[in-house]
$ cat input24.cif   # mmCIF, C-alpha atoms
data_query
#
loop_
_atom_site.label_atom_id
_atom_site.label_comp_id
_atom_site.auth_asym_id
_atom_site.auth_seq_id
_atom_site.Cartn_x
_atom_site.Cartn_y
_atom_site.Cartn_z
CA MET A 1 75.65 35.52 -59.53
CA ALA A 2 77.27 36.07 -56.16
CA ALA A 3 78.10 32.95 -54.13
CA THR A 4 75.82 32.15 -51.20
CA VAL A 5 77.32 33.07 -47.86
CA THR A 6 77.31 30.16 -45.43
CA MET A 7 77.12 30.06 -41.64
CA SER A 8 80.51 28.36 -41.56
CA GLU A 9 82.09 31.34 -43.36
CA ILE A 10 80.42 33.77 -40.97
CA GLY A 11 81.63 31.72 -37.99
CA LYS A 12 85.18 31.63 -39.32
CA ARG A 13 85.33 35.42 -39.64
CA ALA A 14 83.63 35.94 -36.26
CA GLY A 15 85.81 33.38 -34.50
CA VAL A 16 82.88 31.24 -33.36
CA THR A 17 81.39 27.89 -34.32
CA LYS A 18 78.82 27.32 -37.04
CA ALA A 19 76.39 26.24 -34.31
CA THR A 20 76.77 29.58 -32.53
CA VAL A 21 76.07 31.42 -35.77
CA SER A 22 72.94 29.27 -36.23
CA TYR A 23 71.74 30.06 -32.71
CA VAL A 24 72.14 33.80 -33.31
CA LEU A 25 70.58 33.93 -36.77
CA ASN A 26 67.68 31.66 -35.81
CA ASN A 27 66.81 33.64 -32.66
CA LYS A 28 67.90 30.91 -30.24
CA ALA A 29 70.87 32.76 -28.75
CA GLU A 30 69.22 33.48 -25.41
CA LYS A 31 68.11 29.87 -24.99
CA MET A 32 71.66 28.64 -25.76
CA ALA A 33 73.29 31.29 -23.49
CA VAL A 34 75.12 33.11 -26.29
CA SER A 35 76.39 36.46 -25.00
CA LYS A 36 74.93 39.74 -26.28
CA GLN A 37 78.40 40.80 -27.43
CA THR A 38 78.75 37.67 -29.56
CA CYS A 39 75.23 38.17 -30.95
CA LYS A 40 76.05 41.71 -32.05
CA LYS A 41 79.34 40.60 -33.61
CA VAL A 42 77.81 37.69 -35.54
CA THR A 43 74.82 39.77 -36.71
CA LYS A 44 77.07 42.60 -37.92
CA ILE A 45 79.38 40.24 -39.84
CA ALA A 46 76.41 38.41 -41.37
CA GLN A 47 75.00 41.73 -42.61
CA GLU A 48 78.38 42.83 -43.98
CA MET A 49 78.75 39.53 -45.86
CA GLY A 50 75.23 39.80 -47.30
CA TYR A 51 73.88 36.70 -45.56
CA ALA A 52 70.16 36.04 -45.90
CA THR A 53 68.26 33.10 -44.47
CA ASN A 54 66.60 30.90 -47.06
CA HIS A 55 63.04 30.83 -45.77
CA ILE A 56 61.85 28.12 -48.18
CA ALA A 57 64.77 25.82 -47.33
CA ARG A 58 64.21 26.37 -43.62
CA CYS A 59 60.52 25.53 -43.94
CA PHE A 60 61.30 22.36 -45.90
CA ARG A 61 63.96 21.30 -43.40
CA GLU A 62 61.83 21.90 -40.30
CA LYS A 63 58.49 20.94 -41.92
CA LYS A 64 57.00 24.24 -40.79
CA SER A 65 55.87 27.33 -42.67
CA HIS A 66 57.19 29.74 -40.00
CA THR A 67 54.13 31.81 -40.82
CA VAL A 68 51.33 32.91 -38.50
CA CYS A 69 47.85 33.83 -39.65
CA MET A 70 46.44 36.98 -38.04
CA LEU A 71 42.66 37.23 -38.20
CA SER A 72 41.55 40.81 -37.81
CA SER A 73 38.77 43.13 -38.91
CA SER A 74 39.74 45.90 -41.32
CA ARG A 75 36.53 47.72 -40.35
CA ASN A 76 37.79 48.38 -36.83
CA ASN A 77 41.01 50.37 -36.51
CA PHE A 78 41.10 49.57 -32.79
CA TYR A 79 42.99 46.41 -33.73
CA SER A 80 45.86 48.32 -35.38
CA PRO A 81 47.97 48.52 -32.18
CA LEU A 82 47.41 44.80 -31.56
CA ARG A 83 48.58 43.99 -35.09
CA PHE A 84 51.59 46.29 -34.72
CA GLY A 85 52.65 44.64 -31.46
CA ALA A 86 52.16 41.13 -32.85
CA GLU A 87 54.09 41.91 -36.03
CA ARG A 88 56.99 43.33 -34.00
CA LEU A 89 57.37 40.07 -32.06
CA LEU A 90 56.98 37.93 -35.19
CA LYS A 91 59.68 39.94 -36.92
CA GLU A 92 61.98 39.50 -33.92
CA THR A 93 61.49 35.73 -34.06
CA SER A 94 61.77 35.43 -37.87
CA TYR A 95 58.13 34.47 -38.38
CA LEU A 96 56.09 35.81 -41.27
CA SER A 97 52.52 37.01 -40.85
CA TYR A 98 49.55 36.28 -43.07
CA LEU A 99 46.79 38.85 -42.44
CA LEU A 100 43.19 37.85 -43.08
CA ASP A 101 40.24 40.22 -42.83
CA ALA A 102 37.88 38.09 -40.75
CA ASP A 103 34.32 39.26 -40.18
CA ASP A 104 32.29 36.10 -40.63
CA ILE A 105 32.45 32.30 -40.55
CA GLU A 106 33.75 31.99 -44.12
CA ASP A 107 36.81 34.06 -43.26
CA LEU A 108 37.40 31.99 -40.14
CA GLU A 109 37.17 28.77 -42.15
CA ARG A 110 39.79 30.11 -44.56
CA ALA A 111 42.23 30.31 -41.64
CA ILE A 112 41.53 26.65 -40.79
CA ARG A 113 42.23 25.67 -44.40
CA LEU A 114 45.54 27.54 -44.35
CA PHE A 115 46.55 25.49 -41.31
CA THR A 116 45.46 22.13 -42.76
CA GLU A 117 47.32 22.96 -45.99
CA HIS A 118 50.47 23.64 -43.88
CA ARG A 119 50.65 27.23 -45.11
CA VAL A 120 50.49 28.62 -41.56
CA ASP A 121 51.67 27.12 -38.27
CA GLY A 122 49.21 28.87 -35.96
CA ILE A 123 46.54 31.54 -35.67
CA LEU A 124 46.24 34.84 -33.81
CA LEU A 125 42.59 35.89 -33.49
CA LEU A 126 42.14 39.61 -32.81
CA GLY A 127 38.81 40.28 -31.13
CA HIS A 128 35.43 38.58 -31.21
CA ARG A 129 33.49 37.92 -34.40
CA SER A 130 29.77 38.47 -34.60
CA HIS A 131 28.96 35.22 -36.44
CA GLY A 132 30.30 31.70 -36.56
CA GLU A 133 32.49 31.86 -33.49
CA GLU A 134 31.35 28.62 -31.84
CA GLU A 135 31.70 26.64 -35.07
CA PHE A 136 35.15 28.09 -35.64
CA PHE A 137 36.44 27.24 -32.17
CA GLY A 138 34.91 23.77 -32.37
CA SER A 139 36.92 23.16 -35.54
CA VAL A 140 40.06 24.64 -33.94
CA LEU A 141 39.85 22.27 -30.96
CA LYS A 142 39.02 19.25 -33.12
CA ARG A 143 42.06 19.80 -35.35
CA ASN A 144 44.47 20.88 -32.59
CA VAL A 145 45.22 24.20 -34.24
CA PRO A 146 47.62 26.34 -32.16
CA ILE A 147 45.69 29.55 -31.56
CA VAL A 148 45.86 32.55 -29.23
CA PHE A 149 42.95 34.91 -28.68
CA LEU A 150 43.91 38.60 -28.43
CA HIS A 151 41.58 41.15 -26.83
CA GLY A 152 38.91 38.62 -26.16
CA HIS A 153 38.08 35.52 -24.20
CA TYR A 154 36.86 31.99 -24.83
CA HIS A 155 35.36 29.65 -22.25
CA ASP A 156 37.65 26.70 -23.09
CA SER A 157 41.04 26.92 -21.34
CA ARG A 158 42.73 25.09 -24.23
CA ILE A 159 42.54 28.38 -26.15
CA PRO A 160 44.72 30.89 -24.28
CA CYS A 161 43.71 34.54 -24.20
CA VAL A 162 45.66 37.78 -23.84
CA GLU A 163 43.45 40.64 -22.72
CA VAL A 164 42.88 43.50 -20.32
CA ASP A 165 41.03 43.04 -17.01
CA ASN A 166 37.64 44.27 -18.24
CA VAL A 167 35.88 43.87 -14.90
CA LYS A 168 38.49 46.05 -13.19
CA GLY A 169 38.29 48.54 -16.06
CA GLY A 170 34.52 48.89 -15.59
CA LEU A 171 35.07 49.22 -11.86
CA LEU A 172 37.71 51.96 -12.29
CA ALA A 173 35.54 53.95 -14.70
CA THR A 174 32.47 53.86 -12.48
CA GLN A 175 34.42 54.49 -9.26
CA HIS A 176 35.92 57.59 -10.87
CA LEU A 177 32.46 58.98 -11.64
CA ILE A 178 31.25 58.14 -8.13
CA SER A 179 34.29 59.89 -6.64
CA LEU A 180 33.17 63.04 -8.46
CA GLY A 181 29.82 62.94 -6.66
CA HIS A 182 27.71 61.31 -9.40
CA ARG A 183 24.98 58.84 -8.44
CA ARG A 184 22.82 58.70 -11.59
CA ILE A 185 25.45 56.99 -13.70
CA ALA A 186 24.42 55.44 -17.00
CA PHE A 187 26.21 52.64 -18.81
CA ILE A 188 26.08 52.56 -22.61
CA THR A 189 27.23 49.05 -23.43
CA GLY A 190 27.88 46.98 -26.50
CA PRO A 191 25.72 43.87 -27.03
CA LEU A 192 25.60 42.04 -23.69
CA HIS A 193 25.96 38.62 -25.32
CA ASN A 194 29.58 39.69 -25.80
CA LEU A 195 31.79 38.59 -22.89
CA GLU A 196 33.77 41.85 -22.75
CA ALA A 197 30.55 43.82 -22.50
CA GLN A 198 29.37 41.54 -19.71
CA GLN A 199 32.67 41.95 -17.85
CA ARG A 200 32.64 45.76 -18.04
CA TYR A 201 29.00 45.73 -16.98
CA ASN A 202 29.94 43.59 -13.99
CA GLY A 203 32.59 46.13 -13.02
CA TYR A 204 30.01 48.91 -13.32
CA ARG A 205 27.58 47.01 -11.08
CA GLN A 206 30.28 46.21 -8.51
CA ALA A 207 31.21 49.88 -8.20
CA LEU A 208 27.57 50.85 -7.66
CA GLU A 209 27.11 48.14 -5.04
CA GLN A 210 30.25 49.18 -3.18
CA ALA A 211 28.96 52.76 -3.06
CA GLU A 212 25.49 51.54 -2.01
CA ILE A 213 23.90 52.99 -5.15
CA SER A 214 20.90 51.05 -6.45
CA LEU A 215 21.16 49.75 -10.00
CA ASP A 216 18.63 51.55 -12.23
CA SER A 217 17.94 49.41 -15.30
CA THR A 218 16.66 52.45 -17.23
CA LEU A 219 20.23 53.81 -17.13
CA VAL A 220 21.71 50.75 -18.85
CA VAL A 221 21.42 51.02 -22.64
CA GLU A 222 22.54 48.12 -24.81
CA CYS A 223 23.55 49.16 -28.31
CA GLY A 224 25.93 48.34 -31.17
CA TRP A 225 29.66 48.96 -31.50
CA HIS A 226 29.80 52.20 -33.50
CA HIS A 227 29.74 55.92 -32.71
CA GLU A 228 26.26 56.21 -34.24
CA ASP A 229 25.05 53.76 -31.58
CA GLY A 230 26.52 55.91 -28.82
CA TYR A 231 24.88 58.96 -30.38
CA GLN A 232 21.42 57.35 -30.37
CA ALA A 233 21.88 55.86 -26.89
CA LEU A 234 22.70 59.20 -25.23
CA ASN A 235 19.81 60.89 -27.03
CA ARG A 236 17.55 58.25 -25.50
CA LEU A 237 19.03 58.74 -22.02
CA LEU A 238 18.67 62.52 -22.18
CA ARG A 239 14.93 62.10 -22.82
CA GLU A 240 14.48 60.33 -19.46
CA THR A 241 12.51 62.20 -16.78
CA LEU A 242 15.64 62.06 -14.62
CA PRO A 243 18.56 61.94 -17.07
CA PRO A 244 21.98 60.74 -15.88
CA THR A 245 24.63 63.18 -14.70
CA ALA A 246 27.40 60.86 -15.87
CA VAL A 247 27.84 58.14 -18.50
CA PHE A 248 30.29 55.25 -18.72
CA CYS A 249 30.62 54.14 -22.35
CA PHE A 250 31.73 50.64 -23.32
CA SER A 251 34.31 52.08 -25.75
CA ASP A 252 35.82 55.37 -26.84
CA LEU A 253 34.05 54.96 -30.18
CA ILE A 254 30.67 54.86 -28.46
CA ALA A 255 31.76 57.82 -26.30
CA TYR A 256 32.51 59.89 -29.44
CA GLY A 257 28.89 59.44 -30.51
CA ALA A 258 27.70 60.41 -27.02
CA LEU A 259 29.81 63.59 -27.13
CA LYS A 260 28.25 64.50 -30.47
CA ALA A 261 24.72 63.92 -29.14
CA ALA A 262 25.35 66.10 -26.08
CA PHE A 263 26.76 68.90 -28.23
CA GLU A 264 23.81 68.89 -30.62
CA VAL A 265 21.19 69.25 -27.88
CA GLY A 266 23.15 71.88 -25.97
CA VAL A 267 24.20 69.69 -23.04
CA SER A 268 27.65 70.76 -21.90
CA VAL A 269 30.34 68.13 -21.25
CA PRO A 270 31.48 68.02 -18.49
CA LYS A 271 29.47 70.89 -16.92
CA ASP A 272 26.07 69.21 -17.38
CA ILE A 273 27.13 65.60 -17.87
CA SER A 274 30.40 63.68 -17.47
CA ILE A 275 31.39 61.07 -20.06
CA ILE A 276 34.09 58.40 -19.78
CA GLY A 277 35.16 55.89 -22.43
CA PHE A 278 37.22 52.72 -22.60
CA ASP A 279 40.28 51.88 -24.80
CA ASP A 280 42.19 55.19 -25.05
CA ARG A 281 42.16 55.38 -28.82
CA ASP A 282 44.50 57.79 -30.61
CA TYR A 283 41.74 60.36 -31.16
CA SER A 284 40.55 60.44 -27.56
CA GLU A 285 43.13 63.03 -26.58
CA CYS A 286 41.97 65.21 -29.49
CA SER A 287 38.20 64.96 -29.01
CA CYS A 288 36.31 68.01 -27.76
CA PRO A 289 36.49 67.89 -24.85
CA ALA A 290 39.43 65.49 -24.52
CA LEU A 291 38.00 62.16 -23.40
CA THR A 292 38.62 60.68 -19.97
CA THR A 293 38.99 56.95 -20.58
CA ILE A 294 40.29 53.58 -19.45
CA ARG A 295 43.51 52.67 -21.25
CA GLN A 296 44.25 49.15 -22.35
CA PRO A 297 47.73 48.45 -23.80
CA GLY A 298 46.88 47.25 -27.31
CA GLU A 299 50.45 46.98 -28.55
CA LYS A 300 51.55 45.02 -25.47
CA ILE A 301 48.57 42.69 -25.84
CA GLY A 302 49.56 42.01 -29.46
CA TYR A 303 53.23 41.50 -28.61
CA GLU A 304 52.59 39.13 -25.70
CA GLY A 305 49.96 37.23 -27.65
CA ALA A 306 52.33 36.61 -30.54
CA LYS A 307 55.08 35.66 -28.08
CA LEU A 308 52.75 33.13 -26.45
CA LEU A 309 51.83 31.61 -29.81
CA VAL A 310 55.46 31.33 -30.94
CA ASN A 311 56.36 29.63 -27.66
CA MET A 312 53.47 27.19 -28.20
CA LEU A 313 54.73 26.44 -31.72
CA GLU A 314 58.28 25.79 -30.53
CA ASN A 315 57.28 23.84 -27.41
CA SER A 316 54.12 21.82 -27.92
CA GLU A 317 54.33 20.50 -24.36
CA MET A 318 54.20 23.89 -22.65
CA VAL A 319 51.34 24.66 -20.29
CA VAL A 320 49.54 27.74 -21.62
CA LYS A 321 47.97 30.27 -19.29
CA PRO A 322 45.94 33.42 -20.02
CA VAL A 323 47.71 36.78 -19.82
CA VAL A 324 45.73 39.63 -18.27
CA PHE A 325 46.90 43.26 -18.31
CA GLU A 326 45.91 45.90 -15.80
CA PRO A 327 43.69 48.78 -17.09
CA GLU A 328 44.65 52.39 -16.36
CA LEU A 329 42.42 55.40 -15.71
CA ILE A 330 43.39 58.32 -17.99
CA LEU A 331 42.04 61.64 -16.72
CA ARG A 332 41.17 64.30 -19.28
CA ASP A 333 38.48 66.99 -19.68
CA SER A 334 35.20 65.10 -20.22
CA THR A 335 34.60 64.35 -16.52
CA ARG A 336 34.40 66.66 -13.53
CA LYS A 337 32.96 66.99 -10.04
CA LEU A 338 29.19 67.21 -9.80
CA THR A 339 28.20 70.76 -8.89
CA PHE A 340 24.54 70.19 -7.96
CA ASN A 341 22.47 67.58 -6.16
CA ALA A 342 21.18 64.86 -8.46
#

$ encode --input "input24.cif" --output "structure tokens"
Amino acid sequence: MAATVTMSEIGKRAGVTKATVSYVLNNKAEKMAVSKQTCKKVTKIAQEMGYATNHIARCFREKKSHTVCMLSSSRNNFYSPLRFGAERLLKETSYLSYLLDADDIEDLERAIRLFTEHRVDGILLLGHRSHGEEEFFGSVLKRNVPIVFLHGHYHDSRIPCVEVDNVKGGLLATQHLISLGHRRIAFITGPLHNLEAQQRYNGYRQALEQAEISLDSTLVVECGWHHEDGYQALNRLLRETLPPTAVFCFSDLIAYGALKAAFEVGVSVPKDISIIGFDDRDYSECSCPALTTIRQPGEKIGYEGAKLLVNMLENSEMVVKPVVFEPELILRDSTRKLTFNA
């Protein structure tokens, strides 16, 4: 069996102290003002010598697992960019990730048990859950579990959130449709008990108010989260005596269903009706027509959320603040200027 390479041996070959090697290999070089040149040199020599950190020994020494639990839903591929961004930061900081598929209270309670058993140091929660959320957060606060909420929001400031500005996103989407001459603008929203849905609805209402357009409650359709819900919602709207000339959909997924509904009944998008989504999913550029949407930076949200959690774990005294990203209007082919008086 080959002998274990030590930090002292790496330092001797690199011409630096053992402490410097430790700073570099434990991702503390920037904090200890170790130069980038020295970092590259130490890292290269460590790789050449076959050095590998002993994760179990490190955990025992520091009384930490150096593992983060990510709670995410496997049923919703929207969270993939968030997971990718979070995993990139965790890899950079030598943390491991423990992924749990969390769709109900039992899954959330499993994450709490992992923390109390010292198998994870903190929790990243990706998105809202439909059941058990209040009980889960009550347990989190009672047990002082370090947690960061990605792509969501909680009313207690002790749980920091990393998200997009949903109100501004709703405002941008609706303002875009108004700028094209539309006044009968529908909003197909997810369940309005959800805070994100409320925020995007508020942005929609603000844009209408600013343009002095009266809110028509018949044009606001509350539905579920899936493309089938968007399909049924637009079918309902098209049966109105005065159907909308434009639709703002809570998500791209809902917009896909709306596009399908319009196609099946012979309503042309965007000639007869304009449709805009929210998220900028991978498929939105490939839909027919390509979907105009509001982009939110999923990978950045995941990366910054994981960074915030790691900082909380390494500095328990830090003051945590929410991180809010700006949304971006992405213009494609599903919206266009109104060509007749509505």

$ closest_residue --input "input24.cif" --among "A:Lys91, A:Lys321, A:His118, A:Arg239" --to "Leu308 of chain A" --atoms "all atoms listed in the file"
A:Lys321

$ resolve_selection --input "input24.cif" --expression "the PyMOL selection byres ((chain A and resi 195-200) around 12)" --output "ChimeraX atom specification"
/A:127-130,151-155,163-174,187-194,201-207,220-225,248-251,277-279,294,327

$ atom_distance --input "input24.cif" --atom1 "atom CA of Cys69 of chain A" --atom2 "atom CA of Met318 of chain A"
20.7 Å

$ resolve_selection --input "input24.cif" --expression "the PyMOL selection byres ((chain A and resi 110-116) around 12)" --output "PDB file with C-alpha atoms, in the coordinates of the input"
ATOM      1  CA  LYS A  64      57.000  24.240 -40.790  1.00  0.00           C
ATOM      2  CA  SER A  65      55.870  27.330 -42.670  1.00  0.00           C
ATOM      3  CA  HIS A  66      57.190  29.740 -40.000  1.00  0.00           C
ATOM      4  CA  THR A  67      54.130  31.810 -40.820  1.00  0.00           C
ATOM      5  CA  VAL A  68      51.330  32.910 -38.500  1.00  0.00           C
ATOM      6  CA  CYS A  69      47.850  33.830 -39.650  1.00  0.00           C
ATOM      7  CA  MET A  70      46.440  36.980 -38.040  1.00  0.00           C
ATOM      8  CA  LEU A  71      42.660  37.230 -38.200  1.00  0.00           C
ATOM      9  CA  SER A  72      41.550  40.810 -37.810  1.00  0.00           C
ATOM     10  CA  TYR A  98      49.550  36.280 -43.070  1.00  0.00           C
ATOM     11  CA  LEU A  99      46.790  38.850 -42.440  1.00  0.00           C
ATOM     12  CA  LEU A 100      43.190  37.850 -43.080  1.00  0.00           C
ATOM     13  CA  ASP A 101      40.240  40.220 -42.830  1.00  0.00           C
ATOM     14  CA  ALA A 102      37.880  38.090 -40.750  1.00  0.00           C
ATOM     15  CA  ASP A 103      34.320  39.260 -40.180  1.00  0.00           C
ATOM     16  CA  ASP A 104      32.290  36.100 -40.630  1.00  0.00           C
ATOM     17  CA  ILE A 105      32.450  32.300 -40.550  1.00  0.00           C
ATOM     18  CA  GLU A 106      33.750  31.990 -44.120  1.00  0.00           C
ATOM     19  CA  ASP A 107      36.810  34.060 -43.260  1.00  0.00           C
ATOM     20  CA  LEU A 108      37.400  31.990 -40.140  1.00  0.00           C
ATOM     21  CA  GLU A 109      37.170  28.770 -42.150  1.00  0.00           C
ATOM     22  CA  GLU A 117      47.320  22.960 -45.990  1.00  0.00           C
ATOM     23  CA  HIS A 118      50.470  23.640 -43.880  1.00  0.00           C
ATOM     24  CA  ARG A 119      50.650  27.230 -45.110  1.00  0.00           C
ATOM     25  CA  VAL A 120      50.490  28.620 -41.560  1.00  0.00           C
ATOM     26  CA  ASP A 121      51.670  27.120 -38.270  1.00  0.00           C
ATOM     27  CA  GLY A 122      49.210  28.870 -35.960  1.00  0.00           C
ATOM     28  CA  ILE A 123      46.540  31.540 -35.670  1.00  0.00           C
ATOM     29  CA  LEU A 124      46.240  34.840 -33.810  1.00  0.00           C
ATOM     30  CA  LEU A 125      42.590  35.890 -33.490  1.00  0.00           C
ATOM     31  CA  GLU A 135      31.700  26.640 -35.070  1.00  0.00           C
ATOM     32  CA  PHE A 136      35.150  28.090 -35.640  1.00  0.00           C
ATOM     33  CA  PHE A 137      36.440  27.240 -32.170  1.00  0.00           C
ATOM     34  CA  GLY A 138      34.910  23.770 -32.370  1.00  0.00           C
ATOM     35  CA  SER A 139      36.920  23.160 -35.540  1.00  0.00           C
ATOM     36  CA  VAL A 140      40.060  24.640 -33.940  1.00  0.00           C
ATOM     37  CA  LEU A 141      39.850  22.270 -30.960  1.00  0.00           C
ATOM     38  CA  LYS A 142      39.020  19.250 -33.120  1.00  0.00           C
ATOM     39  CA  ARG A 143      42.060  19.800 -35.350  1.00  0.00           C
ATOM     40  CA  ASN A 144      44.470  20.880 -32.590  1.00  0.00           C
ATOM     41  CA  VAL A 145      45.220  24.200 -34.240  1.00  0.00           C
ATOM     42  CA  PRO A 146      47.620  26.340 -32.160  1.00  0.00           C
ATOM     43  CA  ILE A 147      45.690  29.550 -31.560  1.00  0.00           C
TER      44      ILE A 147
END

$ residues_near_point --input "input24.cif" --point "(79.9, 34.8, -41.8)" --cutoff "12 Å" --atoms "all atoms listed in the file" --output "ChimeraX atom specification"
/A:4-22,24-25,41-52

$ write_last_selection --input "input24.cif" --atoms "C-alpha atoms" --output "PDB file, in the frame of the given file"
ATOM      1  CA  THR A   4      75.820  32.150 -51.200  1.00  0.00           C
ATOM      2  CA  VAL A   5      77.320  33.070 -47.860  1.00  0.00           C
ATOM      3  CA  THR A   6      77.310  30.160 -45.430  1.00  0.00           C
ATOM      4  CA  MET A   7      77.120  30.060 -41.640  1.00  0.00           C
ATOM      5  CA  SER A   8      80.510  28.360 -41.560  1.00  0.00           C
ATOM      6  CA  GLU A   9      82.090  31.340 -43.360  1.00  0.00           C
ATOM      7  CA  ILE A  10      80.420  33.770 -40.970  1.00  0.00           C
ATOM      8  CA  GLY A  11      81.630  31.720 -37.990  1.00  0.00           C
ATOM      9  CA  LYS A  12      85.180  31.630 -39.320  1.00  0.00           C
ATOM     10  CA  ARG A  13      85.330  35.420 -39.640  1.00  0.00           C
ATOM     11  CA  ALA A  14      83.630  35.940 -36.260  1.00  0.00           C
ATOM     12  CA  GLY A  15      85.810  33.380 -34.500  1.00  0.00           C
ATOM     13  CA  VAL A  16      82.880  31.240 -33.360  1.00  0.00           C
ATOM     14  CA  THR A  17      81.390  27.890 -34.320  1.00  0.00           C
ATOM     15  CA  LYS A  18      78.820  27.320 -37.040  1.00  0.00           C
ATOM     16  CA  ALA A  19      76.390  26.240 -34.310  1.00  0.00           C
ATOM     17  CA  THR A  20      76.770  29.580 -32.530  1.00  0.00           C
ATOM     18  CA  VAL A  21      76.070  31.420 -35.770  1.00  0.00           C
ATOM     19  CA  SER A  22      72.940  29.270 -36.230  1.00  0.00           C
ATOM     20  CA  VAL A  24      72.140  33.800 -33.310  1.00  0.00           C
ATOM     21  CA  LEU A  25      70.580  33.930 -36.770  1.00  0.00           C
ATOM     22  CA  LYS A  41      79.340  40.600 -33.610  1.00  0.00           C
ATOM     23  CA  VAL A  42      77.810  37.690 -35.540  1.00  0.00           C
ATOM     24  CA  THR A  43      74.820  39.770 -36.710  1.00  0.00           C
ATOM     25  CA  LYS A  44      77.070  42.600 -37.920  1.00  0.00           C
ATOM     26  CA  ILE A  45      79.380  40.240 -39.840  1.00  0.00           C
ATOM     27  CA  ALA A  46      76.410  38.410 -41.370  1.00  0.00           C
ATOM     28  CA  GLN A  47      75.000  41.730 -42.610  1.00  0.00           C
ATOM     29  CA  GLU A  48      78.380  42.830 -43.980  1.00  0.00           C
ATOM     30  CA  MET A  49      78.750  39.530 -45.860  1.00  0.00           C
ATOM     31  CA  GLY A  50      75.230  39.800 -47.300  1.00  0.00           C
ATOM     32  CA  TYR A  51      73.880  36.700 -45.560  1.00  0.00           C
ATOM     33  CA  ALA A  52      70.160  36.040 -45.900  1.00  0.00           C
TER      34      ALA A  52
END

$ atom_distance --input "input24.cif" --atom1 "atom CA of Ala186 of chain A" --atom2 "atom CA of Ala233 of chain A"
10.2 Å

$ closest_residue --input "input24.cif" --among "A:Lys300, A:Arg295, A:Arg83, A:Arg88" --to "Leu329 of chain A" --atoms "all atoms listed in the file"
A:Arg295

$ closest_residue --input "input24.cif" --among "A:Ala246, A:Lys260, A:Cys288, A:Cys161" --to "Val323 of chain A" --atoms "only C-alpha atoms"
A:Cys161
